[in-house]
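Here is input_30.cif, consisting of mmCIF, C-alpha atoms:
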```
data_entry
#
loop_
_atom_site.group_PDB
_atom_site.id
_atom_site.type_symbol
_atom_site.label_atom_id
_atom_site.label_comp_id
_atom_site.auth_asym_id
_atom_site.auth_seq_id
_atom_site.Cartn_x
_atom_site.Cartn_y
_atom_site.Cartn_z
ATOM 1 C CA MET A 1 124.127 51.518 99.844
ATOM 2 C CA GLY A 2 124.343 54.854 98.040
ATOM 3 C CA VAL A 3 123.138 58.211 99.295
ATOM 4 C CA TYR A 4 122.991 60.090 95.956
ATOM 5 C CA LYS A 5 120.827 59.877 92.848
ATOM 6 C CA LYS A 6 120.629 62.006 89.711
ATOM 7 C CA LEU A 7 117.453 64.013 89.173
ATOM 8 C CA LYS A 8 115.724 64.329 85.809
ATOM 9 C CA SER A 9 114.384 67.506 84.238
ATOM 10 C CA GLU A 10 110.806 66.329 84.791
ATOM 11 C CA ASP A 11 111.471 66.220 88.538
ATOM 12 C CA PHE A 12 111.748 70.017 88.591
ATOM 13 C CA SER A 13 109.015 72.641 88.338
ATOM 14 C CA PHE A 14 108.940 76.416 88.609
ATOM 15 C CA ASN A 15 105.841 78.207 89.869
ATOM 16 C CA LYS A 16 104.785 81.630 91.010
ATOM 17 C CA ILE A 17 102.136 82.727 93.491
ATOM 18 C CA ARG A 18 100.595 86.191 93.716
ATOM 19 C CA LEU A 19 100.204 87.353 97.313
ATOM 20 C CA HIS A 20 97.923 90.146 98.503
ATOM 21 C CA LYS A 21 97.883 92.126 101.742
ATOM 22 C CA THR A 22 95.263 94.636 102.874
ATOM 23 C CA PHE A 23 96.368 98.149 103.832
ATOM 24 C CA ASN A 24 94.339 100.862 105.540
ATOM 25 C CA LEU A 25 95.752 104.392 105.288
ATOM 26 C CA ASP A 26 94.396 107.818 106.150
ATOM 27 C CA THR A 27 95.293 111.483 105.998
ATOM 28 C CA GLY A 28 97.934 111.139 108.710
ATOM 29 C CA SER A 29 99.657 108.068 107.255
ATOM 30 C CA SER A 30 103.159 108.377 105.865
ATOM 31 C CA GLY A 31 103.571 107.287 102.260
ATOM 32 C CA ILE A 32 100.287 108.711 100.977
ATOM 33 C CA ASN A 33 99.865 112.231 99.643
ATOM 34 C CA SER A 34 96.887 114.187 98.305
ATOM 35 C CA ILE A 35 96.865 117.438 96.373
ATOM 36 C CA GLN A 36 94.272 119.437 94.458
ATOM 37 C CA PHE A 37 95.706 120.205 91.016
ATOM 38 C CA ARG A 38 94.859 123.234 88.895
ATOM 39 C CA SER A 39 96.033 123.723 85.316
ATOM 40 C CA ALA A 40 96.167 127.512 85.591
ATOM 41 C CA SER A 41 98.205 127.508 88.775
ATOM 42 C CA SER A 42 101.831 128.594 88.554
ATOM 43 C CA ALA A 43 102.602 126.891 91.847
ATOM 44 C CA ASN A 44 103.212 123.217 92.593
ATOM 45 C CA ALA A 45 99.590 122.262 91.879
ATOM 46 C CA GLY A 46 99.963 123.315 88.256
ATOM 47 C CA SER A 47 102.929 120.999 87.733
ATOM 48 C CA TYR A 48 100.838 118.072 88.994
ATOM 49 C CA TRP A 49 98.205 118.788 86.346
ATOM 50 C CA LYS A 50 100.848 118.923 83.608
ATOM 51 C CA SER A 51 102.488 115.712 84.788
ATOM 52 C CA LEU A 52 99.204 113.813 84.889
ATOM 53 C CA ARG A 53 98.141 115.133 81.509
ATOM 54 C CA VAL A 54 101.391 114.161 79.768
ATOM 55 C CA ASN A 55 102.074 110.821 81.471
ATOM 56 C CA TYR A 56 98.595 109.391 81.973
ATOM 57 C CA TYR A 57 96.043 111.145 79.796
ATOM 58 C CA LEU A 58 97.931 111.915 76.597
ATOM 59 C CA SER A 59 100.531 109.865 74.754
ATOM 60 C CA GLY A 60 103.680 111.268 76.329
ATOM 61 C CA SER A 61 103.759 114.583 74.460
ATOM 62 C CA ASN A 62 102.994 118.014 75.856
ATOM 63 C CA PHE A 63 102.507 119.473 72.381
ATOM 64 C CA VAL A 64 99.090 121.007 71.720
ATOM 65 C CA LYS A 65 98.016 121.891 68.192
ATOM 66 C CA PRO A 66 97.030 125.531 67.942
ATOM 67 C CA ASN A 67 93.362 126.516 67.756
ATOM 68 C CA ILE A 68 92.255 122.975 68.708
ATOM 69 C CA ASP A 69 90.729 122.021 72.028
ATOM 70 C CA TRP A 70 93.473 120.165 73.949
ATOM 71 C CA THR A 71 90.922 117.722 75.405
ATOM 72 C CA SER A 72 90.365 116.215 71.945
ATOM 73 C CA GLN A 73 94.028 115.557 71.169
ATOM 74 C CA THR A 74 95.455 112.026 71.478
ATOM 75 C CA PHE A 75 93.495 111.028 74.562
ATOM 76 C CA ASN A 76 93.385 107.269 75.196
ATOM 77 C CA ASN A 77 96.419 106.734 72.966
ATOM 78 C CA PRO A 78 98.149 103.656 74.440
ATOM 79 C CA TYR A 79 101.650 104.533 73.302
ATOM 80 C CA HIS A 80 104.095 106.080 75.773
ATOM 81 C CA SER A 81 101.424 106.290 78.443
ATOM 82 C CA PHE A 82 101.317 104.981 82.006
ATOM 83 C CA GLY A 83 97.589 104.512 81.643
ATOM 84 C CA LEU A 84 95.904 101.169 81.164
ATOM 85 C CA TYR A 85 95.137 99.937 77.683
ATOM 86 C CA ASP A 86 92.530 97.319 76.921
ATOM 87 C CA SER A 87 91.019 97.264 73.451
ATOM 88 C CA TYR A 88 87.911 95.448 74.730
ATOM 89 C CA ILE A 89 87.231 97.362 77.943
ATOM 90 C CA PRO A 90 89.167 100.648 77.690
ATOM 91 C CA GLN A 91 89.917 102.862 80.655
ATOM 92 C CA HIS A 92 87.751 106.007 80.576
ATOM 93 C CA LYS A 93 89.732 109.240 80.237
ATOM 94 C CA ASN A 94 87.143 111.656 78.956
ATOM 95 C CA LYS A 95 86.820 113.607 82.220
ATOM 96 C CA PHE A 96 90.317 114.982 82.693
ATOM 97 C CA HIS A 97 89.584 118.646 83.394
ATOM 98 C CA PRO A 98 91.695 121.662 84.407
ATOM 99 C CA SER A 99 91.012 120.910 88.089
ATOM 100 C CA GLY A 100 90.807 117.808 90.211
ATOM 101 C CA SER A 101 92.550 115.800 92.919
ATOM 102 C CA VAL A 102 95.401 113.310 92.854
ATOM 103 C CA LEU A 103 96.504 110.819 95.501
ATOM 104 C CA SER A 104 99.880 109.125 95.334
ATOM 105 C CA ILE A 105 100.637 105.966 97.316
ATOM 106 C CA THR A 106 104.212 104.858 97.882
ATOM 107 C CA GLN A 107 105.314 101.567 96.363
ATOM 108 C CA LYS A 108 106.337 100.187 99.752
ATOM 109 C CA TYR A 109 102.610 99.681 100.391
ATOM 110 C CA PHE A 110 101.288 98.394 97.065
ATOM 111 C CA GLY A 111 104.351 96.400 95.889
ATOM 112 C CA GLU A 112 103.999 95.467 92.225
ATOM 113 C CA GLU A 113 100.537 96.984 91.885
ATOM 114 C CA ILE A 114 97.302 97.734 93.698
ATOM 115 C CA LYS A 115 95.066 94.686 93.340
ATOM 116 C CA LYS A 116 92.212 95.383 90.960
ATOM 117 C CA ASN A 117 88.762 95.685 92.550
ATOM 118 C CA SER A 118 90.276 96.267 95.994
ATOM 119 C CA PHE A 119 90.538 100.065 96.234
ATOM 120 C CA VAL A 120 88.094 102.019 98.440
ATOM 121 C CA LEU A 121 88.308 105.744 99.201
ATOM 122 C CA LYS A 122 86.122 107.265 101.931
ATOM 123 C CA ASP A 123 85.781 110.989 102.625
ATOM 124 C CA LYS A 124 83.572 112.541 105.314
ATOM 125 C CA SER A 125 85.286 115.907 105.671
ATOM 126 C CA ASN A 126 82.533 117.988 104.041
ATOM 127 C CA SER A 127 80.434 120.369 106.128
ATOM 128 C CA PHE A 128 77.298 118.245 105.563
ATOM 129 C CA ASN A 129 78.853 115.255 107.360
ATOM 130 C CA LYS A 130 78.039 112.980 104.428
ATOM 131 C CA GLU A 131 80.401 110.124 103.636
ATOM 132 C CA ILE A 132 81.521 109.787 100.041
ATOM 133 C CA ILE A 133 82.509 106.235 99.081
ATOM 134 C CA ILE A 134 84.529 105.672 95.905
ATOM 135 C CA LYS A 135 85.695 102.302 94.547
ATOM 136 C CA ASP A 136 87.529 101.000 91.489
ATOM 137 C CA ASP A 137 85.850 98.813 88.876
ATOM 138 C CA GLY A 138 88.869 96.623 88.060
ATOM 139 C CA TYR A 139 89.517 98.455 84.759
ATOM 140 C CA GLY A 140 91.146 101.592 86.095
ATOM 141 C CA ASN A 141 87.962 103.613 86.608
ATOM 142 C CA LEU A 142 86.583 105.005 89.874
ATOM 143 C CA TYR A 143 82.919 105.340 90.752
ATOM 144 C CA SER A 144 80.888 106.340 93.772
ATOM 145 C CA THR A 145 78.795 103.607 95.335
ATOM 146 C CA ASN A 146 76.449 105.984 97.135
ATOM 147 C CA ALA A 147 75.863 108.836 94.686
ATOM 148 C CA THR A 148 73.103 109.432 92.156
ATOM 149 C CA VAL A 149 74.285 108.468 88.678
ATOM 150 C CA SER A 150 73.334 110.176 85.457
ATOM 151 C CA SER A 151 71.349 107.267 84.026
ATOM 152 C CA SER A 152 69.851 104.191 85.644
ATOM 153 C CA THR A 153 70.511 102.211 82.477
ATOM 154 C CA ASN A 154 74.265 102.789 82.556
ATOM 155 C CA SER A 155 76.869 101.140 84.732
ATOM 156 C CA VAL A 156 77.980 103.262 87.686
ATOM 157 C CA SER A 157 81.506 103.121 86.246
ATOM 158 C CA SER A 158 80.516 103.926 82.665
ATOM 159 C CA SER A 159 82.070 106.811 80.744
ATOM 160 C CA ASP A 160 79.142 108.959 81.887
ATOM 161 C CA ASN A 161 79.204 108.081 85.569
ATOM 162 C CA TYR A 162 82.819 107.386 86.484
ATOM 163 C CA VAL A 163 84.489 110.018 88.706
ATOM 164 C CA GLY A 164 88.213 109.386 88.246
ATOM 165 C CA ASN A 165 90.929 106.872 87.510
ATOM 166 C CA ILE A 166 93.336 104.586 89.297
ATOM 167 C CA PHE A 167 96.663 103.491 87.846
ATOM 168 C CA TYR A 168 97.324 100.259 89.683
ATOM 169 C CA ASN A 169 101.029 99.768 88.980
ATOM 170 C CA THR A 170 102.146 103.282 89.942
ATOM 171 C CA GLY A 171 99.859 103.967 92.915
ATOM 172 C CA ILE A 172 98.310 107.077 91.332
ATOM 173 C CA VAL A 173 94.641 107.851 91.995
ATOM 174 C CA THR A 174 92.879 110.789 90.340
ATOM 175 C CA ILE A 175 89.479 112.346 91.040
ATOM 176 C CA THR A 176 88.595 114.103 87.797
ATOM 177 C CA GLU A 177 84.842 114.634 88.057
ATOM 178 C CA THR A 178 84.051 118.329 88.616
ATOM 179 C CA GLY A 179 80.345 117.966 89.292
ATOM 180 C CA SER A 180 78.508 117.440 92.560
ATOM 181 C CA TRP A 181 78.421 114.188 94.463
ATOM 182 C CA SER A 182 75.229 115.278 96.191
ATOM 183 C CA GLY A 183 73.832 118.764 96.496
ATOM 184 C CA SER A 184 76.603 121.150 97.512
ATOM 185 C CA VAL A 185 79.156 118.360 98.094
ATOM 186 C CA LYS A 186 81.581 118.475 95.160
ATOM 187 C CA TYR A 187 84.012 115.886 93.905
ATOM 188 C CA THR A 188 86.754 118.527 93.603
ATOM 189 C CA ASP A 189 86.856 118.634 97.415
ATOM 190 C CA VAL A 190 87.388 114.885 97.830
ATOM 191 C CA ALA A 191 90.611 113.970 99.666
ATOM 192 C CA SER A 192 91.344 117.611 100.443
ATOM 193 C CA GLN A 193 91.088 117.127 104.221
ATOM 194 C CA ASN A 194 90.236 113.955 106.123
ATOM 195 C CA TYR A 195 89.960 110.757 104.125
ATOM 196 C CA SER A 196 90.883 107.075 104.301
ATOM 197 C CA VAL A 197 91.807 104.480 101.697
ATOM 198 C CA GLU A 198 91.814 100.701 101.738
ATOM 199 C CA PHE A 199 93.430 98.472 99.128
ATOM 200 C CA LYS A 200 95.322 95.235 98.654
ATOM 201 C CA SER A 201 98.948 95.107 97.602
ATOM 202 C CA THR A 202 100.319 92.599 95.077
ATOM 203 C CA ASN A 203 103.637 90.769 95.276
ATOM 204 C CA THR A 204 104.748 87.703 93.325
ATOM 205 C CA LEU A 205 106.491 84.842 95.098
ATOM 206 C CA TYR A 206 108.600 82.589 92.859
ATOM 207 C CA ILE A 207 108.931 78.958 93.919
ATOM 208 C CA GLN A 208 111.140 76.104 92.787
ATOM 209 C CA GLU A 209 109.873 72.600 93.529
ATOM 210 C CA TYR A 210 111.597 69.234 93.204
ATOM 211 C CA ASN A 211 109.736 65.924 93.292
ATOM 212 C CA ILE A 212 112.270 63.423 94.573
ATOM 213 C CA SER A 213 111.103 59.837 94.084
ATOM 214 C CA VAL A 214 113.086 57.150 95.890
ATOM 215 C CA LYS A 215 112.613 53.474 95.115
ATOM 216 C CA GLY A 216 112.895 50.914 97.867
ATOM 217 C CA SER A 217 116.177 49.675 96.440
ATOM 218 C CA GLU A 218 117.734 53.172 96.303
ATOM 219 C CA LEU A 219 119.521 55.388 98.804
ATOM 220 C CA ASN A 220 119.807 52.826 101.562
ATOM 221 C CA GLY A 221 123.130 54.175 102.785
ATOM 222 C CA THR A 222 123.918 56.891 105.300
ATOM 223 C CA ASN A 223 126.294 59.811 105.732
ATOM 224 C CA ASN A 224 126.070 59.677 109.525
ATOM 225 C CA PRO A 225 129.679 59.209 110.730
ATOM 226 C CA THR A 226 128.502 57.461 113.918
ATOM 227 C CA ALA A 227 127.124 54.650 111.745
ATOM 228 C CA LYS A 228 130.475 53.976 110.088
ATOM 229 C CA SER A 229 133.006 51.314 110.931
ATOM 230 C CA GLY A 230 136.106 52.685 112.655
ATOM 231 C CA SER A 231 138.495 54.449 110.290
ATOM 232 C CA ASP A 232 136.789 53.038 107.216
ATOM 233 C CA LEU A 233 133.913 55.447 106.670
ATOM 234 C CA GLY A 234 132.801 53.445 103.666
ATOM 235 C CA LEU A 235 131.523 50.536 105.783
ATOM 236 C CA LEU A 236 128.681 50.346 108.259
ATOM 237 C CA ALA A 237 129.428 49.594 111.880
ATOM 238 C CA ASN A 238 129.116 45.924 112.800
ATOM 239 C CA HIS A 239 125.943 46.382 114.818
ATOM 240 C CA LEU A 240 124.194 47.888 111.757
ATOM 241 C CA THR A 241 124.972 45.191 109.218
ATOM 242 C CA SER A 242 121.966 42.983 109.919
ATOM 243 C CA SER A 243 119.441 42.560 107.139
ATOM 244 C CA GLY A 244 116.766 44.317 109.172
ATOM 245 C CA TRP A 245 118.629 47.613 109.493
ATOM 246 C CA SER A 246 117.376 50.684 107.569
ATOM 247 C CA PRO A 247 118.534 54.300 107.746
ATOM 248 C CA TYR A 248 116.312 57.209 108.743
ATOM 249 C CA ILE A 249 116.066 60.138 106.341
ATOM 250 C CA THR A 250 116.412 63.470 108.134
ATOM 251 C CA THR A 251 117.733 65.846 105.442
ATOM 252 C CA ILE A 252 117.429 66.112 101.668
ATOM 253 C CA GLY A 253 120.143 67.977 99.811
ATOM 254 C CA LEU A 254 120.588 69.155 96.238
ATOM 255 C CA TYR A 255 124.150 68.953 94.906
ATOM 256 C CA ASP A 256 125.901 70.052 91.758
ATOM 257 C CA ASP A 257 127.930 67.676 89.559
ATOM 258 C CA ASP A 258 130.946 68.125 91.852
ATOM 259 C CA LYS A 259 128.858 67.148 94.914
ATOM 260 C CA ASN A 260 128.834 70.660 96.334
ATOM 261 C CA LEU A 261 125.756 71.161 98.492
ATOM 262 C CA LEU A 262 123.478 73.862 97.026
ATOM 263 C CA VAL A 263 120.204 73.483 98.932
ATOM 264 C CA ALA A 264 119.294 71.486 102.032
ATOM 265 C CA GLY A 265 115.813 70.736 103.317
ATOM 266 C CA ARG A 266 115.344 69.279 106.787
ATOM 267 C CA ILE A 267 112.366 66.975 107.357
ATOM 268 C CA SER A 268 110.169 67.797 110.344
ATOM 269 C CA GLN A 269 110.649 64.268 111.721
ATOM 270 C CA PRO A 270 112.908 61.385 110.601
ATOM 271 C CA VAL A 271 111.430 59.034 107.969
ATOM 272 C CA LYS A 272 112.519 55.405 108.067
ATOM 273 C CA LYS A 273 113.806 54.131 104.729
ATOM 274 C CA ILE A 274 112.134 50.774 104.086
ATOM 275 C CA LYS A 275 113.577 48.691 101.265
ATOM 276 C CA TRP A 276 110.254 47.403 99.943
ATOM 277 C CA THR A 277 108.493 50.779 99.936
ATOM 278 C CA ASP A 278 108.881 53.644 97.460
ATOM 279 C CA LEU A 279 108.883 57.204 98.777
ATOM 280 C CA THR A 280 108.385 60.646 97.211
ATOM 281 C CA PHE A 281 109.624 63.866 98.789
ATOM 282 C CA LYS A 282 108.771 67.409 97.710
ATOM 283 C CA LEU A 283 111.510 69.964 98.215
ATOM 284 C CA ARG A 284 110.175 73.479 97.758
ATOM 285 C CA PHE A 285 111.913 76.811 98.305
ATOM 286 C CA ASP A 286 111.425 80.470 97.445
ATOM 287 C CA ILE A 287 113.818 82.370 95.207
#
```
Write out the structure in this file as structure tokens.
Amino acid sequence: MGVYKKLKSEDFSFNKIRLHKTFNLDTGSSGINSIQFRSASSANAGSYWKSLRVNYYLSGSNFVKPNIDWTSQTFNNPYHSFGLYDSYIPQHKNKFHPSGSVLSITQKYFGEEIKKNSFVLKDKSNSFNKEIIIKDDGYGNLYSTNATVSSSTNSVSSSDNYVGNIFYNTGIVTITETGSWSGSVKYTDVASQNYSVEFKSTNTLYIQEYNISVKGSELNGTNNPTAKSGSDLGLLANHLTSSGWSPYITTIGLYDDDKNLLVAGRISQPVKKIKWTDLTFKLRFDI
């Protein structure tokens, strides 16, 4: 008539689930900021260019060898860089110029990272009332879905056609293309006035799960004090001692070796414990 049983290691499993939520932000939203950076500027915009160059486009060093074009030095080096590194499909970084735009999104929106292939930037603030649409390709590169590309044989996000980068785990988005999107509409003006972005956040949920199998001959007792006999809480009340009586399971608890309750899971409706039927319960909780 016991109410406890010892669990085995195979009864326990640990899983994780990645959750995504869609966010829509615009120029007036808190937690998103846009600035046009210029390398020659002595003001705040110049510091943005230096920060991007050192942390994302070089290898963590601001040293430039004399008499050598800085754009050829250590670009795409994976070491000490916040940029993405994939030896098979590398992130393009060959268009980091002295001018461009950078958007920063606060972590409270994107969580662990911006979900790949979920970012969309729209800008319709130009005087020609044309909407520029820019998306990510899942590898840290940005491309325009509605602009003329340099070659019909190349991917729109190739090293020739990409227009900027996205760094998913820090919420940094750069527009580095200095050419024209269409006619007099230039990429350097993107996100300078009215714009909107859409993306999905990423957060990991960690789950512990216990499979609790109960044989018909096990756990046929009860901890309900109203079912006990008088002062002797170890015996069932007289009206419950017939062979046809079975307890109802309402709560499943996990205890340590000293029988201290650690976790309790309440069943949505009582389950009758039948002696000739085996049962399996799944106890799952987030950590």
Please provide the set of residues having any atom within 10 Å of Leu142 (chain A), restricted to all atoms listed in the file, with same-chain residues fewer than 4 positions apart removed, written as an MDAnalysis selection string. chainID A and resid 92 117 119:121 134:138 156:158 161:166 173:177
Of A:Tyr210, A:Tyr88, A:Phe82, A:Trp245, the one sitting nearest Ile172 (chain A) when using all atoms listed in the file is A:Phe82
Might you pull out every residue within 10 Å of Ser13 (chain A), with only C-alpha atoms counted and same-chain residues fewer than 6 positions away left off, and present them as a ChimeraX atom specification?
-> /A:207-211,284
Thr251 (chain A) surroundings by only C-alpha atoms, 10 Å radius, close-in-sequence under 2 positions cut, as an mmCIF file with C-alpha atoms, keeping the file's coordinate frame:
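So part.cif came out as:
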```
data_model
loop_
_atom_site.group_PDB
_atom_site.id
_atom_site.type_symbol
_atom_site.label_atom_id
_atom_site.label_comp_id
_atom_site.auth_asym_id
_atom_site.auth_seq_id
_atom_site.Cartn_x
_atom_site.Cartn_y
_atom_site.Cartn_z
ATOM 1 C CA TYR A 248 116.312 57.209 108.743
ATOM 2 C CA ILE A 249 116.066 60.138 106.341
ATOM 3 C CA GLY A 253 120.143 67.977 99.811
ATOM 4 C CA ALA A 264 119.294 71.486 102.032
ATOM 5 C CA GLY A 265 115.813 70.736 103.317
ATOM 6 C CA ARG A 266 115.344 69.279 106.787
ATOM 7 C CA ILE A 267 112.366 66.975 107.357
ATOM 8 C CA SER A 268 110.169 67.797 110.344
ATOM 9 C CA GLN A 269 110.649 64.268 111.721
ATOM 10 C CA PRO A 270 112.908 61.385 110.601
ATOM 11 C CA VAL A 271 111.430 59.034 107.969
#
```
- What is the distance, in Å and to one decimal place, between CA of Glu113 (chain A) and CA of Gly171 (chain A)?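 We find that CA of Glu113 (chain A) and CA of Gly171 (chain A) lie 7.1 Å from each other.
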Judged by all atoms listed in the file, the minimum distance to Phe14 (chain A) among A:Lys273, A:Tyr206, A:Asn141, A:Ser180 is found for A:Tyr206
Of A:Ser196, A:Pro247, A:Tyr57, A:Leu205, the one nearest to Asn224 (chain A) when counting only C-alpha atoms is A:Pro247
- Query: If we count only C-alpha atoms, what is near Glu198 (chain A) at a cut-off of 9 Å, once residues fewer than 6 positions away on the same chain are taken out, given as a ChimeraX atom specification?
  - Reply: /A:22-26,118-122
Could you give me region 202-215 of chain A completed to N, CA and C atoms, formatted as a JSON list (two decimals), keeping the file's coordinate frame?
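This went into rebuild35.json:
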```json
[["chain", "number", "residue", "atom", "x", "y", "z"],
["A", 202, "THR", "N", 100.04, 93.79, 95.88],
["A", 202, "THR", "CA", 100.32, 92.60, 95.08],
["A", 202, "THR", "C", 101.83, 92.37, 95.03],
["A", 203, "ASN", "N", 102.24, 91.17, 95.39],
["A", 203, "ASN", "CA", 103.64, 90.77, 95.28],
["A", 203, "ASN", "C", 103.68, 89.33, 94.78],
["A", 204, "THR", "N", 104.63, 89.03, 93.91],
["A", 204, "THR", "CA", 104.75, 87.70, 93.32],
["A", 204, "THR", "C", 105.86, 86.93, 94.03],
["A", 205, "LEU", "N", 105.53, 85.73, 94.46],
["A", 205, "LEU", "CA", 106.49, 84.84, 95.10],
["A", 205, "LEU", "C", 106.85, 83.74, 94.10],
["A", 206, "TYR", "N", 108.13, 83.59, 93.81],
["A", 206, "TYR", "CA", 108.60, 82.59, 92.86],
["A", 206, "TYR", "C", 109.10, 81.36, 93.62],
["A", 207, "ILE", "N", 108.66, 80.19, 93.18],
["A", 207, "ILE", "CA", 108.93, 78.96, 93.92],
["A", 207, "ILE", "C", 109.53, 77.91, 92.99],
["A", 208, "GLN", "N", 110.60, 77.28, 93.46],
["A", 208, "GLN", "CA", 111.14, 76.10, 92.79],
["A", 208, "GLN", "C", 110.72, 74.86, 93.58],
["A", 209, "GLU", "N", 110.32, 73.82, 92.86],
["A", 209, "GLU", "CA", 109.87, 72.60, 93.53],
["A", 209, "GLU", "C", 110.51, 71.40, 92.86],
["A", 210, "TYR", "N", 111.01, 70.48, 93.68],
["A", 210, "TYR", "CA", 111.60, 69.23, 93.20],
["A", 210, "TYR", "C", 110.80, 68.06, 93.76],
["A", 211, "ASN", "N", 110.36, 67.17, 92.89],
["A", 211, "ASN", "CA", 109.74, 65.92, 93.29],
["A", 211, "ASN", "C", 110.81, 64.83, 93.28],
["A", 212, "ILE", "N", 111.18, 64.38, 94.44],
["A", 212, "ILE", "CA", 112.27, 63.42, 94.57],
["A", 212, "ILE", "C", 111.68, 62.06, 94.91],
["A", 213, "SER", "N", 111.64, 61.19, 93.90],
["A", 213, "SER", "CA", 111.10, 59.84, 94.08],
["A", 213, "SER", "C", 112.25, 58.89, 94.41],
["A", 214, "VAL", "N", 112.06, 58.09, 95.43],
["A", 214, "VAL", "CA", 113.09, 57.15, 95.89],
["A", 214, "VAL", "C", 112.50, 55.74, 95.91],
["A", 215, "LYS", "N", 113.06, 54.87, 95.11],
["A", 215, "LYS", "CA", 112.61, 53.47, 95.12],
["A", 215, "LYS", "C", 113.13, 52.76, 96.35]]
```
